[in-house]
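Here is the structure we will look at.
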Amino acid sequence: MKNDNIATVLAREYGYHIGIIERFISYFGLETTKKMLEAYNVPLKKTIRCNTLKYSPQELLERLERKGFQLEKSPYYDLGFVILAEPFPLGATTEYLLGGYFIQSQASWLPVLALEVQPGEFIIDFAAAPGGKATHIAQLMENQGVLLCLEISRERMKALRSNLTRCGVKNVITKRMDSTSFWELNIKADKILLDAPCTGEGLMAVDLDRRKKSVKSDMERLNEIQKELFASALHSLKKGGVLVYSTCSTAPEENEKVIEWALEEFPIEILELQISNIAPGLQKVVKEEFQPAIRKTGRLFPHLHGTEGFFVCKIQLEEEID
Amino acid sequence: MSLVFRELTNEEETILQTELDYWLEEKELLSFKKENSFLIAEGKWCELVITTKNVERFFKENAQISPYSIGITFGEIKNRKILLSLGGAEELCTISRKKLRINETAEQLFLYQRDILSKSIIGYPTHVNKGQKILVTNPQGDCLGVGQLLLSREEVARVENAEKIAVKNLKDLGWYLRKGK
């Protein structure tokens, strides 16, 4: 059977827009696409991250077990737990209300771990709401240094502020603004997290509506924003500063292609990710071959890692940009 | 409406000092003030925020930022008094002695905005009087919110008062579920 016929069959069988299946096949090949589609039909395990500003992982584990929850340590992170049994909603425990943990997917821990946060640094989260990664950064900073959280949406700002307060984050300033123009303020950070707005093509397991939508027009619009944010972030870094770029998308247009563009435009170097078990970035997409350094970027695939599809890249700025 | 952040006036400093004097002993008060910074967030309301010395310094050096928020809201200043926020209550809870401990059944009810019955109290603080505010904690000592004492220590100890409301719920953590999202 030809690939276009197979795409039609798979689109019908798994309930996807045919354009998505065609793209998956062209980027990842037929066999991987089938594995991904199968994996997207398995619900993601619920996971939490212990907030060490409030509890040690052991204390949190004991407290939740006393309430009837069953947890096991995440294989990816020593502050993470996989929830095996939930006698009542995880978001309604006293420990949750006290900010003792954040309900967050395993993939979401990755960009913050890649950032290798140190207490005392000046770090900016370029798209901070609802605060999952920002609160994670703050706990690794041990409430020292300065964390600046930027967010464009007024509505999402409320959730961000509520989560920062709940988690006991004191070393923070939030600012409502379009981060694409942050560079105009001429403030230079040690590190920046850019968890960019994306099509969310890696979230097919949790957002079933997404399967039916063509991403083509969204992709072009978001790609513009991703590049604008990327440029603004690099202009806002000190020399030697670190930018972590991530998306919850498997689309190379939003990942490797953005990094390839940045390598040509700016004085940057891609750094190795100190994260085990992560798949390397794609070296080739259809007929387009990327620079060898792109291999240092990292990917999570649903069929390989049991997570949503995710991309992460760590970059160092070699010369400050005016 | 955007907030304007500024240093405390002398009057606001006095209001803060009065509030901290109520909650903390002298030794705890000194270290608390040494470790933290306070700023005023002025808009429709006058909020007191608690943050770190580093953040305060950064804010002063980068005034062009115009923040949406800084640190944690400690409370609202109204009628020359501070209405403690949940964040403020938690900041004080680890070092204040004005804490009332309640049992696990009452913990759940308190988080649903309910008042506290006399029989639910398992630890009543000294040096507080009827009508005064206290920090409410669960058996593990976690801060659940702020309450106002309606019965004295002696009244709570009396069996015939077991079903009476001893503490009025002023603020509880359940707010994060009801309004915080």
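Numbering starts fresh at 1 for the residues of each chain in the structure tokens, the chains themselves are lettered A, B, ... in the order given, and ligands are numbered from 1 as they appear.
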
TODO: Can you check which residues of chain B have any atom within 9 Å of chain A? Use only C-alpha atoms and format it as an MDAnalysis selection string.
DONE: chainID B and resid 50:55 58:59 62 64:73 86:87 90:91 107:108 111 142:144 173:177 180:181

Task: Selection: 12 Å around region 121-127 of chain B, only C-alpha atoms, excl. self and same-chain fewer than 2 positions, as JSON, numbers by chain - done: {"B": [22, 23, 24, 25, 96, 97, 98, 99, 100, 101, 102, 103, 104, 105, 106, 107, 110, 115, 116, 117, 118, 119, 129, 130, 132, 133, 134, 135, 136, 137, 138, 139, 140, 141, 149, 151, 152, 153, 154, 155, 156, 157, 161, 162, 163, 164, 165, 166, 167]}

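Distances here use only C-alpha atoms; by that measure, the residue among B:Ile82, B:Leu109, B:Glu28, B:Gly131 closest to Thr94 (chain B) is B:Glu28.
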
- [ ] Would you list, as JSON, numbers by chain, the residues of region 53-143 of chain B that end up in helix (DSSP H, G or I) under DSSP run on this structure's backbone?
- [x] {"B": [53, 54, 55, 56, 57, 58, 59, 60, 61, 63, 64, 65, 86, 87, 88, 89, 90, 91, 92, 93, 104, 105, 106, 107, 108, 109, 110, 118, 119, 120]}

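Using only C-alpha atoms for every distance, the candidate list B:Lys33, B:Arg57, B:Arg158, B:Phe74 yields B:Lys33 as the residue closest to Asp21 (chain B).
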
Task: Point-to-point distance in Å for CA of Tyr245 (chain A) and CA of Leu194 (chain A) - done: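 Computed distance, CA of Leu194 (chain A) to CA of Tyr245 (chain A), equals 4.8 Å.
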
- [ ] Using DSSP on the backbone coordinates, identify all residues within region 43-237 of chain A classified as strand (DSSP E); present the result as a ChimeraX atom specification.
- [x] /A:47-50,70-73,80-85,101-103,122-125,146-151,172-176,189-195,237

- [ ] Can you work out the spacing between CA of Lys171 (chain B) and CA of Glu142 (chain A) in Å, to one decimal?
- [x]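 Pair CA of Lys171 (chain B) / CA of Glu142 (chain A) returns 27.4 Å.
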
- [ ] Write out as a ChimeraX atom specification which residues come within 8 Å of region 276-278 of chain A when counting only C-alpha atoms, dropping same-chain ones fewer than 4 positions away.
- [x] /A:298-300

TODO: Compare A:Leu243, A:Leu271, A:Cys198, A:Leu37 by their minimum atom-to-atom distance to Arg12 (chain A), counting only C-alpha atoms, and give me the closest one.
DONE: A:Leu37

- [ ] May I have the residues within 9 Å of Gln106 (chain A) as a PyMOL selection string, using only C-alpha atoms and disregarding those fewer than 4 positions away in the same chain?
- [x] chain A and resi 45-49+74+76-77+80-82+110+307-308
